[in-house]
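Worksheet: the structure to be examined is printed underneath.
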Amino acid sequence: MESEQATLDRLSVKVDDLNVQLKRATASYDVDAAVREKLDMIRGAAAPVAYRNAGSLMWDMLHAQTDNDAADRYRRGIVTPTLTRAAEHLGLDKANTVATAGGFNGLVVAPNVGPVLDPYPGDMPLFTALGATTITSATFQRPRIVDPNFDSSMSDNPQEKAESVSKTWDIVVEPVKMSVVRGYINVSELLLEMVAESLNMVVGHMNKRLAAMLEGKAVAAVADTTATPIALGAAATAAEVQAAIMQASGQVFDATQRPASWIAMGSQGWVRLGSLTNLAGDSILQVGAGDATSTGASVFGLRPILTHGISDADLYVGNASSIEAYERRFPVMQALEPALFGRQIGVAGGYAFYDPITTEAGAGNVPPAERAGVAHIDWA
């Protein structure tokens with residue numbers, strides 16, 4: 001027992017000696033820590049502690065429970081850095097990931113989703129509605145009957161064997177000449193090689209340009225009618241609009257001897273027609289519009305044709321005898337250009353229109369012949 005007590009006494013003395021040594025070893029550190037704490041107060045932030053040696057660390061560990069300064073140094077030097085995440089990160093987009101991070105931006109490819117949006121018109125609703133016939137000759141003729149005695153070519157014969165009325169007539173022809181619209185584009189061979197389906201896209205858009213041009217030609221031909229325009233005010237009532245459409249239908253019948261069958265309009269005319277209401281505020285017209293195959297909806301029995309080629313509110317009324325359309329599509333043309341490492345791509349289409357004479361010209365072409373198969377409603 002005495003030997004154990006002596007051993008404990010010796011250990012106690014050694015611990016005391018270690019405490020004295022630790023105090024001496026950390027004396028200069030304590031001064032540095034005080035200076036650092038002053039600087040931290042000035043900067044407004046607590047800087048982390050970097051222990052100089054194991055003795056300094058052991059001192060703070062042993063006295064952290066009883067010495068506030070030791071506890072603060074130990075917290076800032078060991079506890080806080082240990083608990084703070086030191087992990088770095090990886091993100092899809094480096095710039096959009098928390099620091100510190102890397103990114104896989106070099107492997108990210110932004111795909112195109114869905115087809116290429118093309119807002120430009122590629123249909124020909126009016127041209128198609130006119131029943132285009134394929135052109136087989138650059139110049140051709142349209143024969144027609146001219147019968148000035150049509151109304152007097154028959155008579156009553158009350159007497160047997162009395163001579164009947166005999167009147168002749170003529171078949172005359174009018175020449176029709178095809179016109180051609182065309183365009184081309186120079187395309188890089190690198191584009192065609194590197195972008196899948198690029199050739200089809202180029203040709204497809206060129207054909208849309210061609211179709212839009214042909215539709216514009218059809219509108220111009222329809223608007224070239226010699227019929228007297230029917231004036232309609234911008235604020236016309238539903239009854240006035242109905243009267244104008246019926247008057248136009250009557251003009252077509254008188255000119256062609258056949259009922260009107262279609263009414264062509266642009267978006268402005270379509271909106272105005274669809275907005276007409278009666279005194280109760282109900283729509284009086286069920287206006288539908290479509291291409292040459294559209295059925296169902298009608299405007300007073302006329303098939304509505306909505307075309308991008310008419311830019312105002314005017315309406316045009318006609319039938320199959322009012323005007324004829326002819327068309328010839330040519331093959332896509334290509335020409336290689338080795339010097340420019342590319343090729344020229346061109347599209348072309350032929351067209352012709354024939355509006356038959358509805359009233360023959362007088363002697364010496366006075367008055368001139370009338371081509372009034374299409375009625376025009378001038379809607380201000």
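FYI, nothing fancy with the structure tokens labels: chains A, B, ... in order, residues from 1 per chain, ligands from 1 as they appear.
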Check: So which residues touch segment 347-359 of chain A within 7 Å, counting only C-alpha atoms, skipping near sequence neighbours fewer than 6 positions away, as a PyMOL selection string?
Finding: chain A and resi 176-184+206-207+221+255-256+322-330+332-333+369-373
Item checked: helix (DSSP H, G or I) per DSSP on the backbone: members of segment 180-330 of chain A, as a VMD selection string -> chain A and resid 189 to 194 198 to 223 238 to 256 267 to 275
Next item on the list: Compare A:Thr226, A:Ser166, A:Asn53, A:Ser261 by their minimum atom-to-atom distance to Ile305 of chain A, counting only C-alpha atoms, and give me the closest one.
Entry: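 Among A:Thr226, A:Ser166, A:Asn53, A:Ser261, it is A:Ser261 that comes nearest to Ile305 of chain A.
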Please return as a tab-separated table (two decimals) with N, CA, C and O atoms, in the first residue's frame: the residues of segment 179-359 of chain A that backbone DSSP assigns to strand (DSSP E or B).
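See out.tsv below for the written result:
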```tsv
chain	number	residue	atom	x	y	z
A	179	SER	N	-47.34	31.32	-117.81
A	179	SER	CA	-46.26	32.10	-117.20
A	179	SER	C	-45.56	31.21	-116.16
A	179	SER	O	-46.13	30.24	-115.66
A	180	VAL	N	-44.33	31.54	-115.87
A	180	VAL	CA	-43.53	30.71	-114.95
A	180	VAL	C	-43.00	31.58	-113.82
A	180	VAL	O	-42.47	32.67	-114.05
A	181	VAL	N	-43.17	31.11	-112.60
A	181	VAL	CA	-42.53	31.73	-111.44
A	181	VAL	C	-41.45	30.76	-110.95
A	181	VAL	O	-41.66	29.55	-110.96
A	182	ARG	N	-40.34	31.29	-110.53
A	182	ARG	CA	-39.24	30.41	-110.13
A	182	ARG	C	-38.32	31.13	-109.16
A	182	ARG	O	-38.34	32.36	-109.03
A	183	GLY	N	-37.49	30.35	-108.50
A	183	GLY	CA	-36.50	30.90	-107.58
A	183	GLY	C	-35.48	29.82	-107.25
A	183	GLY	O	-35.72	28.62	-107.44
A	184	TYR	N	-34.32	30.26	-106.76
A	184	TYR	CA	-33.29	29.28	-106.40
A	184	TYR	C	-32.50	29.78	-105.20
A	184	TYR	O	-32.59	30.95	-104.80
A	185	ILE	N	-31.71	28.88	-104.63
A	185	ILE	CA	-30.88	29.22	-103.47
A	185	ILE	C	-29.56	28.46	-103.60
A	185	ILE	O	-29.53	27.32	-104.09
A	186	ASN	N	-28.46	29.09	-103.22
A	186	ASN	CA	-27.16	28.43	-103.17
A	186	ASN	C	-27.00	27.77	-101.80
A	186	ASN	O	-27.15	28.43	-100.77
A	187	VAL	N	-26.70	26.49	-101.79
A	187	VAL	CA	-26.61	25.73	-100.55
A	187	VAL	C	-25.21	25.14	-100.42
A	187	VAL	O	-24.68	24.55	-101.37
A	188	SER	N	-24.63	25.29	-99.25
A	188	SER	CA	-23.31	24.72	-98.98
A	188	SER	C	-23.41	23.19	-98.90
A	188	SER	O	-24.33	22.64	-98.29
A	230	ILE	N	-69.47	46.02	-105.91
A	230	ILE	CA	-70.60	46.29	-105.03
A	230	ILE	C	-70.05	46.92	-103.76
A	230	ILE	O	-69.30	46.29	-103.02
A	231	ALA	N	-70.38	48.20	-103.53
A	231	ALA	CA	-69.83	48.92	-102.38
A	231	ALA	C	-70.53	48.50	-101.10
A	231	ALA	O	-71.75	48.33	-101.05
A	232	LEU	N	-69.72	48.34	-100.04
A	232	LEU	CA	-70.25	47.97	-98.74
A	232	LEU	C	-69.46	48.73	-97.68
A	232	LEU	O	-68.22	48.67	-97.65
A	262	TRP	N	-69.04	29.72	-104.72
A	262	TRP	CA	-68.03	29.98	-103.70
A	262	TRP	C	-67.90	31.47	-103.42
A	262	TRP	O	-68.28	32.31	-104.24
A	263	ILE	N	-67.37	31.77	-102.23
A	263	ILE	CA	-67.08	33.14	-101.84
A	263	ILE	C	-65.70	33.15	-101.19
A	263	ILE	O	-65.44	32.43	-100.23
A	264	ALA	N	-64.79	33.93	-101.77
A	264	ALA	CA	-63.41	33.98	-101.29
A	264	ALA	C	-63.19	35.23	-100.45
A	264	ALA	O	-63.74	36.30	-100.75
A	265	MET	N	-62.36	35.08	-99.41
A	265	MET	CA	-62.13	36.19	-98.48
A	265	MET	C	-60.78	36.01	-97.80
A	265	MET	O	-60.21	34.91	-97.75
A	277	THR	N	-74.31	39.96	-86.16
A	277	THR	CA	-75.33	39.48	-85.23
A	277	THR	C	-76.66	40.15	-85.55
A	277	THR	O	-76.72	41.22	-86.16
A	283	SER	N	-75.38	35.32	-83.55
A	283	SER	CA	-74.72	35.30	-84.86
A	283	SER	C	-75.71	34.84	-85.92
A	283	SER	O	-76.44	33.86	-85.74
A	290	GLY	N	-62.07	27.03	-95.45
A	290	GLY	CA	-61.10	25.96	-95.62
A	290	GLY	C	-60.59	25.91	-97.03
A	290	GLY	O	-60.69	26.87	-97.79
A	299	VAL	N	-71.86	30.29	-96.48
A	299	VAL	CA	-72.33	31.67	-96.34
A	299	VAL	C	-73.44	31.86	-97.36
A	299	VAL	O	-73.19	32.01	-98.55
A	302	LEU	N	-73.01	29.55	-100.16
A	302	LEU	CA	-71.73	29.62	-100.87
A	302	LEU	C	-70.64	29.02	-100.00
A	302	LEU	O	-70.57	29.26	-98.79
A	303	ARG	N	-69.76	28.26	-100.64
A	303	ARG	CA	-68.65	27.66	-99.90
A	303	ARG	C	-67.59	28.71	-99.61
A	303	ARG	O	-67.03	29.30	-100.54
A	304	PRO	N	-67.30	28.98	-98.34
A	304	PRO	CA	-66.29	30.01	-98.03
A	304	PRO	C	-64.88	29.48	-98.26
A	304	PRO	O	-64.56	28.34	-97.93
A	305	ILE	N	-64.02	30.31	-98.83
A	305	ILE	CA	-62.62	29.99	-99.06
A	305	ILE	C	-61.79	31.08	-98.39
A	305	ILE	O	-61.81	32.24	-98.81
A	306	LEU	N	-61.10	30.71	-97.34
A	306	LEU	CA	-60.23	31.65	-96.62
A	306	LEU	C	-58.82	31.53	-97.18
A	306	LEU	O	-58.21	30.47	-97.13
A	315	LEU	N	-64.66	40.80	-100.62
A	315	LEU	CA	-65.18	39.46	-100.88
A	315	LEU	C	-65.30	39.25	-102.38
A	315	LEU	O	-65.59	40.20	-103.13
A	316	TYR	N	-65.09	38.02	-102.83
A	316	TYR	CA	-65.22	37.68	-104.25
A	316	TYR	C	-66.12	36.46	-104.37
A	316	TYR	O	-65.94	35.46	-103.67
A	317	VAL	N	-67.09	36.55	-105.27
A	317	VAL	CA	-68.08	35.49	-105.45
A	317	VAL	C	-67.97	34.97	-106.88
A	317	VAL	O	-67.84	35.76	-107.84
A	318	GLY	N	-68.00	33.65	-107.05
A	318	GLY	CA	-67.89	33.09	-108.39
A	318	GLY	C	-68.33	31.65	-108.44
A	318	GLY	O	-68.88	31.10	-107.48
A	324	GLU	N	-60.94	30.01	-114.88
A	324	GLU	CA	-60.27	28.71	-114.91
A	324	GLU	C	-58.80	28.88	-114.53
A	324	GLU	O	-58.17	29.88	-114.89
A	325	ALA	N	-58.27	27.90	-113.83
A	325	ALA	CA	-56.87	27.93	-113.40
A	325	ALA	C	-56.12	26.75	-114.03
A	325	ALA	O	-56.66	25.65	-114.16
A	326	TYR	N	-54.87	27.00	-114.41
A	326	TYR	CA	-54.01	25.97	-115.00
A	326	TYR	C	-52.66	26.02	-114.29
A	326	TYR	O	-52.16	27.09	-113.93
A	327	GLU	N	-52.07	24.85	-114.12
A	327	GLU	CA	-50.82	24.77	-113.35
A	327	GLU	C	-49.91	23.71	-113.93
A	327	GLU	O	-50.35	22.68	-114.43
A	328	ARG	N	-48.61	23.96	-113.81
A	328	ARG	CA	-47.59	22.98	-114.19
A	328	ARG	C	-46.44	23.09	-113.21
A	328	ARG	O	-45.78	24.13	-113.13
A	329	ARG	N	-46.20	22.04	-112.43
A	329	ARG	CA	-45.06	22.02	-111.52
A	329	ARG	C	-43.87	21.36	-112.22
A	329	ARG	O	-44.00	20.28	-112.79
A	333	MET	N	-34.68	21.48	-109.60
A	333	MET	CA	-33.44	21.55	-110.38
A	333	MET	C	-32.25	21.75	-109.45
A	333	MET	O	-32.32	22.51	-108.49
A	334	GLN	N	-31.15	21.03	-109.76
A	334	GLN	CA	-29.92	21.15	-108.97
A	334	GLN	C	-28.73	21.27	-109.91
A	334	GLN	O	-28.68	20.60	-110.94
A	335	ALA	N	-27.79	22.11	-109.51
A	335	ALA	CA	-26.55	22.27	-110.28
A	335	ALA	C	-25.39	22.34	-109.30
A	335	ALA	O	-25.37	23.20	-108.40
A	336	LEU	N	-24.44	21.40	-109.42
A	336	LEU	CA	-23.28	21.38	-108.54
A	336	LEU	C	-22.34	22.53	-108.89
A	336	LEU	O	-22.16	22.89	-110.05
A	337	GLU	N	-21.73	23.11	-107.85
A	337	GLU	CA	-20.75	24.18	-108.01
A	337	GLU	C	-19.47	23.78	-107.27
A	337	GLU	O	-19.25	24.17	-106.12
A	342	GLY	N	-20.61	23.64	-103.21
A	342	GLY	CA	-22.04	23.71	-102.93
A	342	GLY	C	-22.83	23.38	-104.16
A	342	GLY	O	-22.32	22.82	-105.13
A	343	ARG	N	-24.10	23.71	-104.10
A	343	ARG	CA	-24.97	23.46	-105.24
A	343	ARG	C	-26.10	24.49	-105.27
A	343	ARG	O	-26.46	25.05	-104.23
A	344	GLN	N	-26.62	24.71	-106.44
A	344	GLN	CA	-27.79	25.57	-106.62
A	344	GLN	C	-29.03	24.68	-106.68
A	344	GLN	O	-29.04	23.67	-107.37
A	345	ILE	N	-30.05	25.09	-105.93
A	345	ILE	CA	-31.30	24.34	-105.91
A	345	ILE	C	-32.41	25.30	-106.32
A	345	ILE	O	-32.56	26.39	-105.75
A	346	GLY	N	-33.18	24.92	-107.33
A	346	GLY	CA	-34.23	25.80	-107.84
A	346	GLY	C	-35.56	25.07	-107.97
A	346	GLY	O	-35.61	23.87	-108.23
A	347	VAL	N	-36.64	25.81	-107.78
A	347	VAL	CA	-37.99	25.28	-108.00
A	347	VAL	C	-38.71	26.24	-108.93
A	347	VAL	O	-38.40	27.44	-108.97
A	348	ALA	N	-39.67	25.72	-109.66
A	348	ALA	CA	-40.41	26.55	-110.61
A	348	ALA	C	-41.80	25.96	-110.81
A	348	ALA	O	-42.02	24.76	-110.64
A	349	GLY	N	-42.72	26.82	-111.16
A	349	GLY	CA	-44.08	26.40	-111.44
A	349	GLY	C	-44.70	27.27	-112.51
A	349	GLY	O	-44.51	28.49	-112.53
A	350	GLY	N	-45.42	26.63	-113.40
A	350	GLY	CA	-46.12	27.37	-114.44
A	350	GLY	C	-47.58	27.57	-114.06
A	350	GLY	O	-48.18	26.75	-113.36
A	351	TYR	N	-48.17	28.66	-114.52
A	351	TYR	CA	-49.57	28.95	-114.21
A	351	TYR	C	-50.20	29.71	-115.37
A	351	TYR	O	-49.51	30.37	-116.17
A	352	ALA	N	-51.49	29.63	-115.44
A	352	ALA	CA	-52.26	30.42	-116.40
A	352	ALA	C	-53.69	30.50	-115.90
A	352	ALA	O	-54.17	29.59	-115.19
A	353	PHE	N	-54.37	31.59	-116.24
A	353	PHE	CA	-55.77	31.76	-115.86
A	353	PHE	C	-56.55	32.21	-117.10
A	353	PHE	O	-56.03	32.95	-117.95
A	354	TYR	N	-57.76	31.77	-117.17
A	354	TYR	CA	-58.62	32.14	-118.28
A	354	TYR	C	-59.99	32.52	-117.73
A	354	TYR	O	-60.68	31.71	-117.11
A	359	THR	N	-69.67	39.07	-121.99
A	359	THR	CA	-70.43	39.93	-122.92
A	359	THR	C	-69.49	40.28	-124.07
A	359	THR	O	-68.40	40.84	-123.85
```
Notebook entry, point to check: What is the distance, in Å and to one decimal place, between atom CA of Phe127 of chain A and atom CA of Val203 of chain A?
Noted result: 21.0 Å
Close residues, Ala223 of chain A itself excluded, 8 Å, only C-alpha atoms, min 2 positions apart in chain, as a PDB file with C-alpha atoms, in the first residue's frame:
```
ATOM      1  CA  VAL A 219     -56.126  36.198-106.129  1.00  0.00           C
ATOM      2  CA  ALA A 220     -54.897  38.776-108.649  1.00  0.00           C
ATOM      3  CA  ALA A 221     -56.657  36.966-111.480  1.00  0.00           C
ATOM      4  CA  THR A 225     -62.880  40.967-112.966  1.00  0.00           C
ATOM      5  CA  TYR A 316     -65.216  37.682-104.248  1.00  0.00           C
ATOM      6  CA  VAL A 374     -66.485  37.010-110.724  1.00  0.00           C
ATOM      7  CA  HIS A 376     -66.476  41.825-106.315  1.00  0.00           C
TER       8      HIS A 376
END
```
Next item on the list: Name all residues at most 8 Å from Val172 of chain A (count only C-alpha atoms; drop same-chain ones fewer than 5 positions away) and give them as a list in words.
Entry: Pro143, Arg144, Ile145 and Val146 of chain A
Go ahead and dump the residues you just picked, C-alpha atoms, as a PDB file, in the first residue's frame.
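Contents of part.pdb, as written:
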```pdb
ATOM      1  CA  PRO A 143     -62.580  27.350-127.563  1.00  0.00           C
ATOM      2  CA  ARG A 144     -65.965  28.836-126.803  1.00  0.00           C
ATOM      3  CA  ILE A 145     -69.277  29.258-128.564  1.00  0.00           C
ATOM      4  CA  VAL A 146     -70.371  32.680-129.737  1.00  0.00           C
TER       5      VAL A 146
END
```
Checklist line | Among the residues A:Ser137, A:Asn319, A:Gln5, A:Thr100, the one that comes closest to Ala87 of chain A [using only C-alpha atoms] | finding: A:Thr100
Quick one: residues within 12 Å of Ala380 of chain A, only C-alpha atoms, excluding same-chain residues fewer than 6 positions away - as a short mmCIF file (atom, residue, chain, number, x, y, z; two decimals) with N, CA and C atoms, in the first residue's frame?
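Once written, result.cif looks like this:
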```cif
data_model
loop_
_atom_site.label_atom_id
_atom_site.label_comp_id
_atom_site.auth_asym_id
_atom_site.auth_seq_id
_atom_site.Cartn_x
_atom_site.Cartn_y
_atom_site.Cartn_z
N PRO A 229 -67.97 46.79 -109.07
CA PRO A 229 -67.88 46.45 -107.65
C PRO A 229 -69.15 46.84 -106.90
N ILE A 230 -69.47 46.02 -105.91
CA ILE A 230 -70.60 46.29 -105.03
C ILE A 230 -70.05 46.92 -103.76
N ALA A 231 -70.38 48.20 -103.53
CA ALA A 231 -69.83 48.92 -102.38
C ALA A 231 -70.53 48.50 -101.10
N LEU A 232 -69.72 48.34 -100.04
CA LEU A 232 -70.25 47.97 -98.74
C LEU A 232 -69.46 48.73 -97.68
N GLY A 233 -70.16 49.47 -96.84
CA GLY A 233 -69.48 50.25 -95.82
C GLY A 233 -68.87 49.40 -94.72
N ALA A 234 -67.87 49.96 -94.05
CA ALA A 234 -67.20 49.21 -92.99
C ALA A 234 -68.14 48.86 -91.86
N ALA A 235 -69.12 49.73 -91.60
CA ALA A 235 -70.07 49.49 -90.51
C ALA A 235 -71.38 48.92 -91.02
N ALA A 236 -71.35 48.21 -92.13
CA ALA A 236 -72.57 47.66 -92.72
C ALA A 236 -73.25 46.71 -91.75
N VAL A 241 -75.04 43.39 -95.46
CA VAL A 241 -74.05 42.41 -95.92
C VAL A 241 -74.75 41.29 -96.69
N GLN A 268 -59.66 39.38 -92.73
CA GLN A 268 -60.51 40.50 -92.31
C GLN A 268 -61.97 40.27 -92.69
N GLY A 269 -62.20 39.83 -93.92
CA GLY A 269 -63.57 39.55 -94.33
C GLY A 269 -64.18 38.41 -93.54
N ARG A 272 -65.20 39.71 -90.12
CA ARG A 272 -66.40 40.56 -90.19
C ARG A 272 -67.66 39.72 -90.41
N ASP A 312 -57.24 42.42 -97.52
CA ASP A 312 -58.24 43.39 -97.06
C ASP A 312 -59.54 42.65 -96.74
N ALA A 313 -60.63 43.41 -96.58
CA ALA A 313 -61.92 42.82 -96.22
C ALA A 313 -62.80 42.51 -97.42
N ASP A 314 -62.31 42.71 -98.63
CA ASP A 314 -63.13 42.49 -99.83
C ASP A 314 -63.51 41.02 -99.98
N LEU A 315 -64.66 40.80 -100.62
CA LEU A 315 -65.18 39.46 -100.88
C LEU A 315 -65.30 39.25 -102.38
#
```
Notebook entry, point to check: Distance atom CA of Leu214 of chain A-atom CA of Ile310 of chain A, one decimal place?
Noted result: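 We find that atom CA of Leu214 of chain A and atom CA of Ile310 of chain A lie 12.8 Å from each other.
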Notebook entry, point to check: So, counting only C-alpha atoms, which residue among A:Arg142, A:Arg258, A:His89, A:Lys208 is closest to Phe104 of chain A?
Noted result: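 Answer, going by the shortest atom-to-atom distance: A:His89.
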Note to self: One number please: atom CA of Phe150 of chain A to atom CA of Pro259 of chain A, in Å, one decimal.
What the structure shows: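 Atom CA of Pro259 of chain A lies 20.0 Å from atom CA of Phe150 of chain A.
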